[in-house]
Amino acid sequence: MSLLMGTMYPAIDTTAGERERGTLETVLTLPVTNQEVFFSKFLTVATIGTVSATLNIISMGGIGIYMYKLMKGVGADAPVDMSRFVPAIVVSALCILAFAVFISAISMCVCVFAKSFKEANNYVTPLALVVVFASMVSIMPNVELTSNMALIPVSNICLLIRDMLAFKFNLGTIGIVLISNVIYGMLSVVLLGKIYNSESILFGDEGASMQLFEKRSNIKKGGVPSLGDAWLVLAVTLLLMIYVGGMVQIKYGYLGVIVTQLIVAGVSVLVALYTKKSMRETFKLNLPKLRHILGGLLMLFGGVLIGMILTAIASIFFKNSAAEMGDTMSYLMGDSFLISLLMVAVLPAICEELMFRGYIFASLENKLNYKKAIIFAGLLFGAYHMNITQFFATALLGIIMCYVAYKSRSILPGIIMHFTNNALSVVVMYYPDQVAKVAPVLAKETLMLSDVFLILAVGVALLMLGKYIIQKKNITQEER
C-alpha cells in the first residue's frame with residue numbers, strides 16, 4: 001500500500017495532469033524520443049514510490065525497536081537475535097524493488113487513459129481496491145504460499161514476506177515470486193511504452209478509455225470493449241475468483257465450482273451490457289463454417305500433443321507446481337463421470353470462452369494487429385490458470401483457440417475445442433486402462449527420446465493440417 005500510494009499521485013500528475021494542463025503536447029515536441037519521455041516519467045514515479053515505501057518500512061522498524069526497548073525497560077526479558085531477520089529484510093528489499101517497477105508502470109498505464117486529474121482519481125481507485133483485497137490474502141487463515149499463489153501479483157509478495165518473518169524459507173517459491181514480479185514489471189513497462197507510442201491513446205481516443213466509469217447515458221451504443229475495461233474486468237474477475245469463489249468452493253463444494261465459473265462469464269457479460277457493447281461483435285455470436293470446427297479440432301489435438309511435452313519439461317523444473325495441478329484435477333473430479341464432465345469440461349468451455357475468446361480478445365483485437373492480439377490473449381489465458389507447469393501448454397491452446405476464433409469470427413469452435421480438451425482429461429482420469437490400449441505412448445510414465453519426437457511430429461502435422469483446412473480458399477466472395 002505504501003508503494004501504491006507513493007506512485008499513485010506522481011503517476012496521475014505525469015500523465016493525466018499534463019494532459020489537463022496542456023503540457024503533454026509540448027513535452028512530446030522536445031528533441032527526445034517518446035521512449036525517453038515515458039522512461040524518464042516511469043523512473044520518476046518508481047523512485048518516489050520506492051522512497052516512500054522505504055521510509056515507511058524504516059519508520060515501522062524504528063517503532064519496533066522502540067517497543068522492544070520499552071518492554072525491556074519494564075522487566076520483560078525477551079532476547080531477540082536480529083541476525084535471523086537479515087534474510088527477511090534482504091528479500092523484502094528485493095520485493096520492494098520488483099513491485100515498485102510493476103506498480104509504477106501499472107499506475108501510469110491506468111492513469112494515461114484519463115483526460116483530467118479528477119478522472120484519473122476515479123480510474124486509479126479500482127486499482128487501489130485490487131491491491132487492498134489482493135494483499136489481504138496474507139492475513140487469511142489456511143492460505144499458504146504455494147507455487148500457484150507465487151504467481152499472483154501483490155498476494156505473492158505479501159505471503160512471501162509473511163513467511164520470511166516467520167522464518168519459513170523455500171528457495172523455489174522465493175525465486176518464483178521475484179522472477180514473476182520482474183516479468184510482470186517488464187511486461188508493464190513494455191505496455192506503457194506501446195501506449196506512449198500510440199497518439200490515439202495519448203490524446204483521448206475512446207477505444208482505450210475505461211467506459212465503465214462513464215455515465216451510461218453518455219456511452220455510445222455498439223462496438224467492442226475498450227482495453228481499459230478489459231483490464232479492469234480481468235482484474236475484478238480474478239479477485240472474485242480468489243475470494244468469493246474460494247469461499248463458496250470450501251463451503252459448498254461442487255456448487256461453489258459452478259458459482260466460480262459463472263463469475264468468470266458473468267462479469268464480462270454484465271460489463272458488456274452496461275457499456276452497451278454489441279454482444280454479437282464482442283462475443284462473436286456467429287455460426288461458423290464446418291471447416292472451422294474440423295480444422296480447429298485438428299489444431300487442438302496437435303496442440304494437446306505438443307503441450308504434453310511442454311508440461312513434461314516444466315514438471316522437471318517445477319515439481320511442486322506439477323503436484324498441485326494433479327491435486328486440482330482430483331478435487332474437481334466428482335462421484336460420477338457426468339458430474340466431472342460438467343465441472344471440468346462443460347462449464348469452463350462456455351464461461352472461459354465468453355471471457356477470453358470473447359470479451360478480452362475482442363478488446364485486444366480492436367487495438368492491436370491480429371497476430372499480437374492472438375498471442376497476448378493466449379498468454380493471458382495461460383496465466384489465468386495460475387500454475388507455472390500448466391502455463392506453457394495452456395497458453396499454446398489459448399493461442400490456437402484465438403486463431404480459430406479470429407478466422408471463423410465465431411466463439412462456437414473455441415467452445416467445442418475447449419470442451420474436447422477438458423473432456424479428454426476426464427476420460428483419462430476415469431478410464432486410464434482403455435486410454436492405454438488406444439494410445440499406449442500417452443500412458444507411459446517415462447517417455448523415450450523417440451517417443452518425444454514422434455509426439456512432436458504428429459502434433460506439428462495435425463497443427464499444419466488443421467490450419468490448411470481453416471484457410472482453404474473455397475470461400476465465397478461474401479465471406480471475403
# chains A, B, ... in the order shown; residues from 1 in each chain; ligands from 1
>>> closest_atom_pairs(of="region 339-369 of chain A", to="region 255-271 of chain A", cutoff="6 Å", atoms="only C-alpha atoms", output="Markdown table")
| residue | atom | partner | partner_atom | distance |
| --- | --- | --- | --- | --- |
| A:Cys351 | CA | A:Ala265 | CA | 4.5 |
| A:Leu354 | CA | A:Ala265 | CA | 5.9 |
| A:Met355 | CA | A:Ala265 | CA | 5.8 |
>>> residues_around(residues="Ala383 (chain A)", least_positions_apart="6", cutoff="12 Å", atoms="only C-alpha atoms", output="PyMOL selection string")
chain A and resi 148-153+180+184+234+238+356+376-377+389-396+398
>>> residues_around(residues="region 43-54 of chain A", least_positions_apart="6", cutoff="8 Å", atoms="only C-alpha atoms", output="list in words")
Ser2, Leu3, Leu4, Met5, Gly6, Thr7, Pro10, Ala11, Ile96, Leu97, Ala100, Val101 and Ser104 of chain A
>>> write_last_selection(atoms="N, CA and C atoms", output="PDB file, in the first residue's frame")
ATOM      1  N   SER A   2       1.996   1.195   0.688  1.00  0.00           N
ATOM      2  CA  SER A   2       2.910   2.347   0.681  1.00  0.00           C
ATOM      3  C   SER A   2       3.427   2.607  -0.723  1.00  0.00           C
ATOM      4  N   LEU A   3       3.784   1.538  -1.430  1.00  0.00           N
ATOM      5  CA  LEU A   3       4.257   1.699  -2.805  1.00  0.00           C
ATOM      6  C   LEU A   3       3.157   2.263  -3.699  1.00  0.00           C
ATOM      7  N   LEU A   4       1.943   1.746  -3.545  1.00  0.00           N
ATOM      8  CA  LEU A   4       0.839   2.224  -4.377  1.00  0.00           C
ATOM      9  C   LEU A   4       0.556   3.691  -4.116  1.00  0.00           C
ATOM     10  N   MET A   5       0.460   4.067  -2.841  1.00  0.00           N
ATOM     11  CA  MET A   5       0.166   5.468  -2.515  1.00  0.00           C
ATOM     12  C   MET A   5       1.308   6.375  -2.942  1.00  0.00           C
ATOM     13  N   GLY A   6       2.538   5.842  -2.890  1.00  0.00           N
ATOM     14  CA  GLY A   6       3.677   6.648  -3.310  1.00  0.00           C
ATOM     15  C   GLY A   6       3.736   6.859  -4.808  1.00  0.00           C
ATOM     16  N   THR A   7       3.204   5.896  -5.574  1.00  0.00           N
ATOM     17  CA  THR A   7       3.249   6.016  -7.036  1.00  0.00           C
ATOM     18  C   THR A   7       1.980   6.616  -7.623  1.00  0.00           C
ATOM     19  N   PRO A  10       2.082  10.785  -8.246  1.00  0.00           N
ATOM     20  CA  PRO A  10       3.042  11.128  -9.309  1.00  0.00           C
ATOM     21  C   PRO A  10       2.616  10.572 -10.672  1.00  0.00           C
ATOM     22  N   ALA A  11       2.029   9.359 -10.673  1.00  0.00           N
ATOM     23  CA  ALA A  11       1.565   8.776 -11.938  1.00  0.00           C
ATOM     24  C   ALA A  11       0.440   9.616 -12.543  1.00  0.00           C
ATOM     25  N   ILE A  96      10.449  -5.051  -2.729  1.00  0.00           N
ATOM     26  CA  ILE A  96      10.083  -3.643  -2.894  1.00  0.00           C
ATOM     27  C   ILE A  96      10.517  -3.142  -4.261  1.00  0.00           C
ATOM     28  N   LEU A  97      11.747  -3.461  -4.644  1.00  0.00           N
ATOM     29  CA  LEU A  97      12.253  -3.001  -5.942  1.00  0.00           C
ATOM     30  C   LEU A  97      11.460  -3.619  -7.096  1.00  0.00           C
ATOM     31  N   ALA A 100       7.926  -2.208  -7.088  1.00  0.00           N
ATOM     32  CA  ALA A 100       7.916  -0.787  -7.460  1.00  0.00           C
ATOM     33  C   ALA A 100       7.878  -0.627  -8.968  1.00  0.00           C
ATOM     34  N   VAL A 101       8.649  -1.447  -9.680  1.00  0.00           N
ATOM     35  CA  VAL A 101       8.642  -1.399 -11.147  1.00  0.00           C
ATOM     36  C   VAL A 101       7.258  -1.743 -11.673  1.00  0.00           C
ATOM     37  N   SER A 104       4.388   0.883 -10.496  1.00  0.00           N
ATOM     38  CA  SER A 104       4.581   2.192 -11.127  1.00  0.00           C
ATOM     39  C   SER A 104       4.086   2.174 -12.563  1.00  0.00           C
TER      40      SER A 104
END
>>> atom_distance(atom1="CA of Gly64 (chain A)", atom2="CA of Phe169 (chain A)")
22.6 Å
>>> residues_around(residues="region 15-26 of chain A", least_positions_apart="2", cutoff="12 Å", atoms="only C-alpha atoms", output="number ranges by chain")
A: 8-13, 28-32, 34, 37-38, 41-42, 45, 105, 107-124, 192, 195-196, 199, 201-204
>>> residues_around(residues="region 80-90 of chain A", least_positions_apart="6", cutoff="10 Å", atoms="only C-alpha atoms", output="PyMOL selection string")
chain A and resi 68+96+160-169
>>> atom_distance(atom1="CA of Lys220 (chain A)", atom2="CA of Asn286 (chain A)")
22.7 Å
>>> select_by_dssp(residues="region 22-114 of chain A", states="alpha helix (DSSP H)", output="PyMOL selection string")
chain A and resi 24-28+34-73+86-111
>>> residues_around(residues="region 368-372 of chain A", least_positions_apart="2", cutoff="12 Å", atoms="only C-alpha atoms", output="PyMOL selection string")
chain A and resi 191+194-195+198+207-208+226-227+361-366+374-379+399-400+402-407
>>> closest_residue(among="A:Ser336, A:Leu454, A:His292, A:Ile313", to="Arg409 (chain A)", atoms="only C-alpha atoms")
A:His292
>>> residues_around(residues="Ile339 (chain A)", least_positions_apart="6", cutoff="12 Å", atoms="only C-alpha atoms", output="PyMOL selection string")
chain A and resi 254-255+257-258+332-333+345-347+423+426+430
>>> write_last_selection(atoms="all heavy atoms", output="mmCIF file, in the first residue's frame")
data_model
loop_
_atom_site.group_PDB
_atom_site.id
_atom_site.type_symbol
_atom_site.label_atom_id
_atom_site.label_comp_id
_atom_site.auth_asym_id
_atom_site.auth_seq_id
_atom_site.Cartn_x
_atom_site.Cartn_y
_atom_site.Cartn_z
ATOM 1 N N TYR A 254 -19.038 -28.661 -5.009
ATOM 2 C CA TYR A 254 -19.281 -28.579 -6.451
ATOM 3 C C TYR A 254 -20.141 -27.366 -6.821
ATOM 4 O O TYR A 254 -19.961 -26.777 -7.880
ATOM 5 C CB TYR A 254 -19.951 -29.854 -6.955
ATOM 6 C CG TYR A 254 -19.084 -31.077 -6.804
ATOM 7 C CD1 TYR A 254 -19.605 -32.282 -6.355
ATOM 8 C CD2 TYR A 254 -17.726 -31.017 -7.121
ATOM 9 C CE1 TYR A 254 -18.795 -33.400 -6.214
ATOM 10 C CE2 TYR A 254 -16.917 -32.122 -6.980
ATOM 11 C CZ TYR A 254 -17.460 -33.306 -6.519
ATOM 12 O OH TYR A 254 -16.652 -34.401 -6.381
ATOM 13 N N LEU A 255 -21.082 -27.011 -5.943
ATOM 14 C CA LEU A 255 -21.893 -25.820 -6.206
ATOM 15 C C LEU A 255 -21.003 -24.580 -6.252
ATOM 16 O O LEU A 255 -21.236 -23.664 -7.041
ATOM 17 C CB LEU A 255 -22.971 -25.669 -5.124
ATOM 18 C CG LEU A 255 -23.907 -24.457 -5.271
ATOM 19 C CD1 LEU A 255 -24.672 -24.529 -6.596
ATOM 20 C CD2 LEU A 255 -24.881 -24.384 -4.099
ATOM 21 N N VAL A 257 -17.929 -24.525 -7.315
ATOM 22 C CA VAL A 257 -17.241 -24.547 -8.614
ATOM 23 C C VAL A 257 -18.133 -23.932 -9.692
ATOM 24 O O VAL A 257 -17.670 -23.164 -10.544
ATOM 25 C CB VAL A 257 -16.854 -25.992 -9.002
ATOM 26 C CG1 VAL A 257 -16.225 -26.027 -10.391
ATOM 27 C CG2 VAL A 257 -15.892 -26.579 -7.970
ATOM 28 N N ILE A 258 -19.429 -24.251 -9.633
ATOM 29 C CA ILE A 258 -20.376 -23.674 -10.593
ATOM 30 C C ILE A 258 -20.441 -22.159 -10.429
ATOM 31 O O ILE A 258 -20.416 -21.410 -11.414
ATOM 32 C CB ILE A 258 -21.775 -24.299 -10.404
ATOM 33 C CG1 ILE A 258 -21.733 -25.792 -10.734
ATOM 34 C CG2 ILE A 258 -22.807 -23.591 -11.282
ATOM 35 C CD1 ILE A 258 -23.030 -26.523 -10.450
ATOM 36 N N LEU A 332 -11.590 -31.611 -8.587
ATOM 37 C CA LEU A 332 -12.703 -31.306 -9.470
ATOM 38 C C LEU A 332 -13.453 -32.546 -9.930
ATOM 39 O O LEU A 332 -14.583 -32.444 -10.402
ATOM 40 C CB LEU A 332 -12.201 -30.522 -10.697
ATOM 41 C CG LEU A 332 -11.714 -29.106 -10.429
ATOM 42 C CD1 LEU A 332 -11.101 -28.513 -11.692
ATOM 43 C CD2 LEU A 332 -12.843 -28.219 -9.925
ATOM 44 N N MET A 333 -12.825 -33.726 -9.815
ATOM 45 C CA MET A 333 -13.484 -34.949 -10.246
ATOM 46 C C MET A 333 -14.603 -35.307 -9.280
ATOM 47 O O MET A 333 -14.392 -35.415 -8.068
ATOM 48 C CB MET A 333 -12.473 -36.098 -10.337
ATOM 49 C CG MET A 333 -11.471 -35.927 -11.461
ATOM 50 S SD MET A 333 -12.269 -35.828 -13.080
ATOM 51 C CE MET A 333 -10.894 -35.289 -14.097
ATOM 52 N N ALA A 345 -15.397 -29.824 -17.986
ATOM 53 C CA ALA A 345 -15.446 -29.600 -19.436
ATOM 54 C C ALA A 345 -16.542 -28.629 -19.874
ATOM 55 O O ALA A 345 -16.271 -27.662 -20.592
ATOM 56 C CB ALA A 345 -15.621 -30.942 -20.157
ATOM 57 N N VAL A 346 -17.782 -28.866 -19.465
ATOM 58 C CA VAL A 346 -18.905 -28.072 -19.987
ATOM 59 C C VAL A 346 -18.839 -26.622 -19.511
ATOM 60 O O VAL A 346 -18.840 -25.685 -20.319
ATOM 61 C CB VAL A 346 -20.249 -28.716 -19.595
ATOM 62 C CG1 VAL A 346 -21.408 -27.835 -20.080
ATOM 63 C CG2 VAL A 346 -20.376 -30.102 -20.189
ATOM 64 N N LEU A 347 -18.789 -26.431 -18.188
ATOM 65 C CA LEU A 347 -18.818 -25.066 -17.647
ATOM 66 C C LEU A 347 -17.611 -24.230 -18.070
ATOM 67 O O LEU A 347 -17.772 -23.102 -18.550
ATOM 68 C CB LEU A 347 -18.929 -25.117 -16.123
ATOM 69 C CG LEU A 347 -20.296 -25.530 -15.565
ATOM 70 C CD1 LEU A 347 -20.237 -25.688 -14.054
ATOM 71 C CD2 LEU A 347 -21.360 -24.513 -15.942
ATOM 72 N N ALA A 423 -12.575 -32.557 -21.754
ATOM 73 C CA ALA A 423 -13.229 -33.871 -21.684
ATOM 74 C C ALA A 423 -12.209 -34.994 -21.816
ATOM 75 O O ALA A 423 -12.347 -36.054 -21.186
ATOM 76 C CB ALA A 423 -14.292 -33.974 -22.775
ATOM 77 N N VAL A 426 -10.852 -35.743 -18.458
ATOM 78 C CA VAL A 426 -11.794 -36.510 -17.645
ATOM 79 C C VAL A 426 -11.775 -37.982 -18.055
ATOM 80 O O VAL A 426 -11.758 -38.877 -17.205
ATOM 81 C CB VAL A 426 -13.223 -35.938 -17.785
ATOM 82 C CG1 VAL A 426 -14.216 -36.767 -16.969
ATOM 83 C CG2 VAL A 426 -13.264 -34.486 -17.320
ATOM 84 N N TYR A 430 -10.807 -41.238 -15.644
ATOM 85 C CA TYR A 430 -11.783 -42.280 -15.336
ATOM 86 C C TYR A 430 -11.486 -43.615 -16.020
ATOM 87 O O TYR A 430 -11.809 -44.669 -15.484
ATOM 88 C CB TYR A 430 -13.188 -41.805 -15.724
ATOM 89 C CG TYR A 430 -13.881 -41.022 -14.632
ATOM 90 C CD1 TYR A 430 -13.726 -39.650 -14.534
ATOM 91 C CD2 TYR A 430 -14.676 -41.667 -13.683
ATOM 92 C CE1 TYR A 430 -14.358 -38.929 -13.527
ATOM 93 C CE2 TYR A 430 -15.305 -40.956 -12.674
ATOM 94 C CZ TYR A 430 -15.144 -39.588 -12.600
ATOM 95 O OH TYR A 430 -15.760 -38.883 -11.600
#
>>> atom_distance(atom1="CA of Leu397 (chain A)", atom2="CA of Val224 (chain A)")
23.8 Å
